[in-house]
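A short write-up of the structure that comes next.
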Amino acid sequence: MDINASYTSLVAVGDSFTEGMSDLLPDGSYRGWADVLAARLAARTPGFRYANLAVRGKLIAQIVDEQVDVAAAMRADVVTLVGGLNDTLRPKCDMGMVRGRLEEAVERLAPSCGRLVLMRSPGRNGPVLDRFRPRMEELFALVDELAARHDAVVVDLYGAPALGDPRLWDVDRLHLTAEGHRRVAEAVWQALGLPPESDWQAPLPVSAPARWAARRVEDVRFARQHLLPWIGRRLTGRSSGDGRAGAQFDAELGRGFWVTPEEDGWTAPVATWRQVEPGGREARDASGS
């Protein structure tokens, strides 16, 4: 791929992984790898536009029904699609349905953009996810197959041992830390043919293992604050994304909107964005993304 590639727009589609949990900002919002990637791309290209449509907790059918057509209509240079993992983590999962809806998403997005990016999502090392790995790997095999069929880019995060390090995962054990998201942004950056700025697969420095008592305290905290609420939502059919919309989705109009850097000509990653209408008319100021 061209090392001097230039991209003028990016749309991100998916669930909490792409929304940015748990890369928490001081104002309580999330940043995440897609925002980090967009900020870096914007520093290279005047007039760059970005939209993140991802919503936490979404299953693949919801991603397809609520985000895919919106993303396709925006005709971006780059579209990232990550979905289906939430389905595989459910006690009951129809993998035939997951395969069909993911295939549908790729078939609709690939012709609408210059470059479609798919991912084999990272997996935290540990016993909780081990029981779901066969489903996850079935999903990732399909990702590879669809990418080959539709000339999409695959970013293999699952095959990177460093991203399985528990230190790159938040206390909920489901979402990456800020450093984890930074590494994902670098991985996608390189997959798009852009010059490497760091080794995103570099292992973390060796550290002494936590004491047994500290691990047990952390296990109890995890169960109380994250695992039991997650189980409760599964039993009641609720989702953490209920009532939420993507950061750049206008629910009233039923369409996505772009944000663009507050000022062009930055030589560093963009920190402040403004909203524009799809046709380019400024709508209102928007800090962050």
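Here's how to read the names in the structure tokens: chain A, B, ... by the order shown, residue numbers from 1 in each chain, ligand numbers from 1 in the order shown.
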
Next on the checklist: Considering only strand (DSSP E or B) as DSSP defines it on the backbone, what residues of stretch 119-158 of chain A qualify? List them as a ChimeraX atom specification.
Outcome noted: /A:119-120,153-156

Next on the checklist: Give me, as number ranges by chain, all polymer residues having an atom no more than 6 Å from A:Ala76, counting only C-alpha atoms and skipping those fewer than 6 positions away in the same chain.
Outcome noted: A: 9-10, 113

Would you save the residues of that selection, restricted to N, CA, C and O atoms, as an mmCIF file, in the first residue's frame?
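Written output follows (result-v1.cif):
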data_model
loop_
_atom_site.group_PDB
_atom_site.id
_atom_site.type_symbol
_atom_site.label_atom_id
_atom_site.label_comp_id
_atom_site.auth_asym_id
_atom_site.auth_seq_id
_atom_site.Cartn_x
_atom_site.Cartn_y
_atom_site.Cartn_z
ATOM 1 N N SER A 9 -11.451 11.601 4.513
ATOM 2 C CA SER A 9 -12.613 11.404 5.380
ATOM 3 C C SER A 9 -12.600 10.003 5.970
ATOM 4 O O SER A 9 -12.092 9.063 5.370
ATOM 5 N N LEU A 10 -13.197 9.888 7.158
ATOM 6 C CA LEU A 10 -13.248 8.626 7.892
ATOM 7 C C LEU A 10 -14.593 8.511 8.592
ATOM 8 O O LEU A 10 -15.035 9.449 9.256
ATOM 9 N N CYS A 113 -17.166 3.158 -0.254
ATOM 10 C CA CYS A 113 -16.018 3.890 0.285
ATOM 11 C C CYS A 113 -14.761 3.551 -0.498
ATOM 12 O O CYS A 113 -14.709 2.564 -1.242
#

Item to check | Contacts of stretch 116-125 of chain A at 6 Å (only C-alpha atoms; same-chain gap of 5+ positions) as a ChimeraX atom specification | outcome: /A:78-81,110,140,152-158,164

Okay, now the selection with N, CA and C atoms, as a PDB file, in the first residue's frame?
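Heads up, here's the output in out_11.pdb:
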ATOM      1  N   VAL A  78     -12.445   6.312   3.933  1.00  0.00           N
ATOM      2  CA  VAL A  78     -12.191   5.140   4.771  1.00  0.00           C
ATOM      3  C   VAL A  78     -13.397   4.901   5.660  1.00  0.00           C
ATOM      4  N   VAL A  79     -13.845   3.645   5.717  1.00  0.00           N
ATOM      5  CA  VAL A  79     -14.856   3.223   6.682  1.00  0.00           C
ATOM      6  C   VAL A  79     -14.273   2.070   7.486  1.00  0.00           C
ATOM      7  N   THR A  80     -14.372   2.164   8.806  1.00  0.00           N
ATOM      8  CA  THR A  80     -13.977   1.047   9.664  1.00  0.00           C
ATOM      9  C   THR A  80     -15.235   0.369  10.189  1.00  0.00           C
ATOM     10  N   LEU A  81     -15.237  -0.946  10.169  1.00  0.00           N
ATOM     11  CA  LEU A  81     -16.375  -1.738  10.644  1.00  0.00           C
ATOM     12  C   LEU A  81     -15.867  -2.796  11.610  1.00  0.00           C
ATOM     13  N   ALA A 110     -18.546  -1.881   1.360  1.00  0.00           N
ATOM     14  CA  ALA A 110     -17.364  -1.925   0.498  1.00  0.00           C
ATOM     15  C   ALA A 110     -17.501  -1.074  -0.768  1.00  0.00           C
ATOM     16  N   PHE A 140     -13.746 -14.261  13.350  1.00  0.00           N
ATOM     17  CA  PHE A 140     -12.553 -13.685  12.737  1.00  0.00           C
ATOM     18  C   PHE A 140     -12.193 -14.396  11.430  1.00  0.00           C
ATOM     19  N   ALA A 152     -10.921  -5.648   1.220  1.00  0.00           N
ATOM     20  CA  ALA A 152     -10.862  -4.820   2.423  1.00  0.00           C
ATOM     21  C   ALA A 152      -9.555  -5.084   3.160  1.00  0.00           C
ATOM     22  N   VAL A 153      -9.186  -4.162   4.016  1.00  0.00           N
ATOM     23  CA  VAL A 153      -8.003  -4.292   4.873  1.00  0.00           C
ATOM     24  C   VAL A 153      -8.417  -4.971   6.175  1.00  0.00           C
ATOM     25  N   VAL A 154      -7.623  -5.924   6.644  1.00  0.00           N
ATOM     26  CA  VAL A 154      -7.844  -6.540   7.942  1.00  0.00           C
ATOM     27  C   VAL A 154      -6.722  -6.136   8.888  1.00  0.00           C
ATOM     28  N   VAL A 155      -7.091  -5.603  10.050  1.00  0.00           N
ATOM     29  CA  VAL A 155      -6.125  -5.290  11.098  1.00  0.00           C
ATOM     30  C   VAL A 155      -6.224  -6.401  12.137  1.00  0.00           C
ATOM     31  N   ASP A 156      -5.170  -7.200  12.252  1.00  0.00           N
ATOM     32  CA  ASP A 156      -5.206  -8.377  13.121  1.00  0.00           C
ATOM     33  C   ASP A 156      -4.753  -8.023  14.523  1.00  0.00           C
ATOM     34  N   LEU A 157      -5.692  -7.540  15.332  1.00  0.00           N
ATOM     35  CA  LEU A 157      -5.394  -7.220  16.721  1.00  0.00           C
ATOM     36  C   LEU A 157      -5.405  -8.475  17.587  1.00  0.00           C
ATOM     37  N   TYR A 158      -6.222  -9.439  17.213  1.00  0.00           N
ATOM     38  CA  TYR A 158      -6.345 -10.676  17.974  1.00  0.00           C
ATOM     39  C   TYR A 158      -5.025 -11.452  17.961  1.00  0.00           C
ATOM     40  N   GLY A 164      -3.175  -8.686  24.441  1.00  0.00           N
ATOM     41  CA  GLY A 164      -3.809  -9.562  25.407  1.00  0.00           C
ATOM     42  C   GLY A 164      -3.354  -9.311  26.829  1.00  0.00           C
TER      43      GLY A 164
END

Checklist entry - Which of these residues is nearest to A:Lys58, using only C-alpha atoms: A:Asp87, A:Asp199, A:Glu186, A:Glu262? => result A:Asp87

Item to check | helix (DSSP H, G or I) call set, DSSP backbone run, stretch 65-208 of chain A, as a ChimeraX atom specification | outcome: /A:65-74,85-88,95-112,127-130,133-150,161-164,166-168,178-191

Keeping only C-alpha atoms, take the residues you just selected and write them out as a PDB file, in the first residue's frame.
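Below is the file result-v5.pdb, written as the result:
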ATOM      1  CA  ASP A  65     -29.823  -1.787  10.746  1.00  0.00           C
ATOM      2  CA  GLU A  66     -28.847   1.484  12.445  1.00  0.00           C
ATOM      3  CA  GLN A  67     -25.376   2.422  11.176  1.00  0.00           C
ATOM      4  CA  VAL A  68     -24.432   0.744   7.915  1.00  0.00           C
ATOM      5  CA  ASP A  69     -26.735   2.613   5.500  1.00  0.00           C
ATOM      6  CA  VAL A  70     -25.936   5.879   7.294  1.00  0.00           C
ATOM      7  CA  ALA A  71     -22.216   5.249   6.832  1.00  0.00           C
ATOM      8  CA  ALA A  72     -22.606   4.167   3.211  1.00  0.00           C
ATOM      9  CA  ALA A  73     -24.486   7.365   2.380  1.00  0.00           C
ATOM     10  CA  MET A  74     -21.557   9.460   3.608  1.00  0.00           C
ATOM     11  CA  LEU A  85     -18.146  -9.637  19.162  1.00  0.00           C
ATOM     12  CA  ASN A  86     -20.986  -8.669  21.505  1.00  0.00           C
ATOM     13  CA  ASP A  87     -23.042 -11.437  19.922  1.00  0.00           C
ATOM     14  CA  THR A  88     -20.360 -14.050  20.535  1.00  0.00           C
ATOM     15  CA  MET A  95     -23.573 -17.717  14.601  1.00  0.00           C
ATOM     16  CA  GLY A  96     -25.394 -18.287  11.320  1.00  0.00           C
ATOM     17  CA  MET A  97     -27.256 -15.017  11.848  1.00  0.00           C
ATOM     18  CA  VAL A  98     -24.038 -13.236  12.872  1.00  0.00           C
ATOM     19  CA  ARG A  99     -22.287 -14.443   9.741  1.00  0.00           C
ATOM     20  CA  GLY A 100     -25.162 -13.369   7.517  1.00  0.00           C
ATOM     21  CA  ARG A 101     -25.520  -9.878   8.966  1.00  0.00           C
ATOM     22  CA  LEU A 102     -21.758  -9.212   8.947  1.00  0.00           C
ATOM     23  CA  GLU A 103     -21.621 -10.325   5.326  1.00  0.00           C
ATOM     24  CA  GLU A 104     -24.522  -7.990   4.560  1.00  0.00           C
ATOM     25  CA  ALA A 105     -22.703  -5.092   6.218  1.00  0.00           C
ATOM     26  CA  VAL A 106     -19.527  -5.646   4.214  1.00  0.00           C
ATOM     27  CA  GLU A 107     -21.426  -6.010   0.950  1.00  0.00           C
ATOM     28  CA  ARG A 108     -23.157  -2.677   1.522  1.00  0.00           C
ATOM     29  CA  LEU A 109     -20.141  -0.744   2.798  1.00  0.00           C
ATOM     30  CA  ALA A 110     -17.364  -1.925   0.498  1.00  0.00           C
ATOM     31  CA  PRO A 111     -18.741  -0.297  -2.700  1.00  0.00           C
ATOM     32  CA  SER A 112     -19.521   2.949  -0.860  1.00  0.00           C
ATOM     33  CA  PRO A 127     -10.390 -17.581  31.830  1.00  0.00           C
ATOM     34  CA  VAL A 128     -13.531 -15.464  31.379  1.00  0.00           C
ATOM     35  CA  LEU A 129     -13.102 -15.094  27.621  1.00  0.00           C
ATOM     36  CA  ASP A 130     -11.620 -18.525  27.017  1.00  0.00           C
ATOM     37  CA  ARG A 133     -12.895 -18.108  21.943  1.00  0.00           C
ATOM     38  CA  PRO A 134     -14.254 -20.712  19.483  1.00  0.00           C
ATOM     39  CA  ARG A 135     -17.066 -18.318  18.522  1.00  0.00           C
ATOM     40  CA  MET A 136     -14.686 -15.381  18.345  1.00  0.00           C
ATOM     41  CA  GLU A 137     -12.322 -17.271  16.073  1.00  0.00           C
ATOM     42  CA  GLU A 138     -15.207 -18.344  13.838  1.00  0.00           C
ATOM     43  CA  LEU A 139     -16.131 -14.665  13.534  1.00  0.00           C
ATOM     44  CA  PHE A 140     -12.553 -13.685  12.737  1.00  0.00           C
ATOM     45  CA  ALA A 141     -12.266 -16.391  10.066  1.00  0.00           C
ATOM     46  CA  LEU A 142     -15.283 -14.824   8.383  1.00  0.00           C
ATOM     47  CA  VAL A 143     -13.658 -11.384   8.633  1.00  0.00           C
ATOM     48  CA  ASP A 144     -10.640 -12.724   6.728  1.00  0.00           C
ATOM     49  CA  GLU A 145     -12.889 -14.345   4.123  1.00  0.00           C
ATOM     50  CA  LEU A 146     -14.957 -11.208   3.560  1.00  0.00           C
ATOM     51  CA  ALA A 147     -11.872  -9.019   3.342  1.00  0.00           C
ATOM     52  CA  ALA A 148     -10.381 -11.212   0.637  1.00  0.00           C
ATOM     53  CA  ARG A 149     -13.657 -11.210  -1.269  1.00  0.00           C
ATOM     54  CA  HIS A 150     -14.205  -7.444  -1.112  1.00  0.00           C
ATOM     55  CA  PRO A 161       0.105 -10.968  22.014  1.00  0.00           C
ATOM     56  CA  ALA A 162       0.784  -7.531  23.530  1.00  0.00           C
ATOM     57  CA  LEU A 163      -2.895  -6.566  23.260  1.00  0.00           C
ATOM     58  CA  GLY A 164      -3.809  -9.562  25.407  1.00  0.00           C
ATOM     59  CA  PRO A 166      -4.322  -7.427  31.165  1.00  0.00           C
ATOM     60  CA  ARG A 167      -2.540  -4.132  31.844  1.00  0.00           C
ATOM     61  CA  LEU A 168      -3.957  -2.763  28.574  1.00  0.00           C
ATOM     62  CA  ALA A 178      -6.099   4.730  26.737  1.00  0.00           C
ATOM     63  CA  GLU A 179      -2.783   3.040  25.897  1.00  0.00           C
ATOM     64  CA  GLY A 180      -4.627   0.108  24.351  1.00  0.00           C
ATOM     65  CA  HIS A 181      -6.663   2.454  22.165  1.00  0.00           C
ATOM     66  CA  ARG A 182      -3.525   4.325  21.156  1.00  0.00           C
ATOM     67  CA  ARG A 183      -1.994   1.069  19.976  1.00  0.00           C
ATOM     68  CA  VAL A 184      -5.099   0.188  17.977  1.00  0.00           C
ATOM     69  CA  ALA A 185      -5.010   3.609  16.292  1.00  0.00           C
ATOM     70  CA  GLU A 186      -1.376   3.001  15.346  1.00  0.00           C
ATOM     71  CA  ALA A 187      -2.249  -0.450  13.992  1.00  0.00           C
ATOM     72  CA  VAL A 188      -4.964   0.973  11.722  1.00  0.00           C
ATOM     73  CA  TRP A 189      -2.699   3.870  10.742  1.00  0.00           C
ATOM     74  CA  GLN A 190      -0.060   1.423   9.522  1.00  0.00           C
ATOM     75  CA  ALA A 191      -2.650  -0.790   7.810  1.00  0.00           C
TER      76      ALA A 191
END

Checklist entry - Hey, which of A:Leu24, A:Ala247, A:Leu174, A:Val64 ends up closest to A:Asn52? Count only C-alpha atoms. => result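 Of the candidates, the smallest distance to A:Asn52 is held by A:Ala247.
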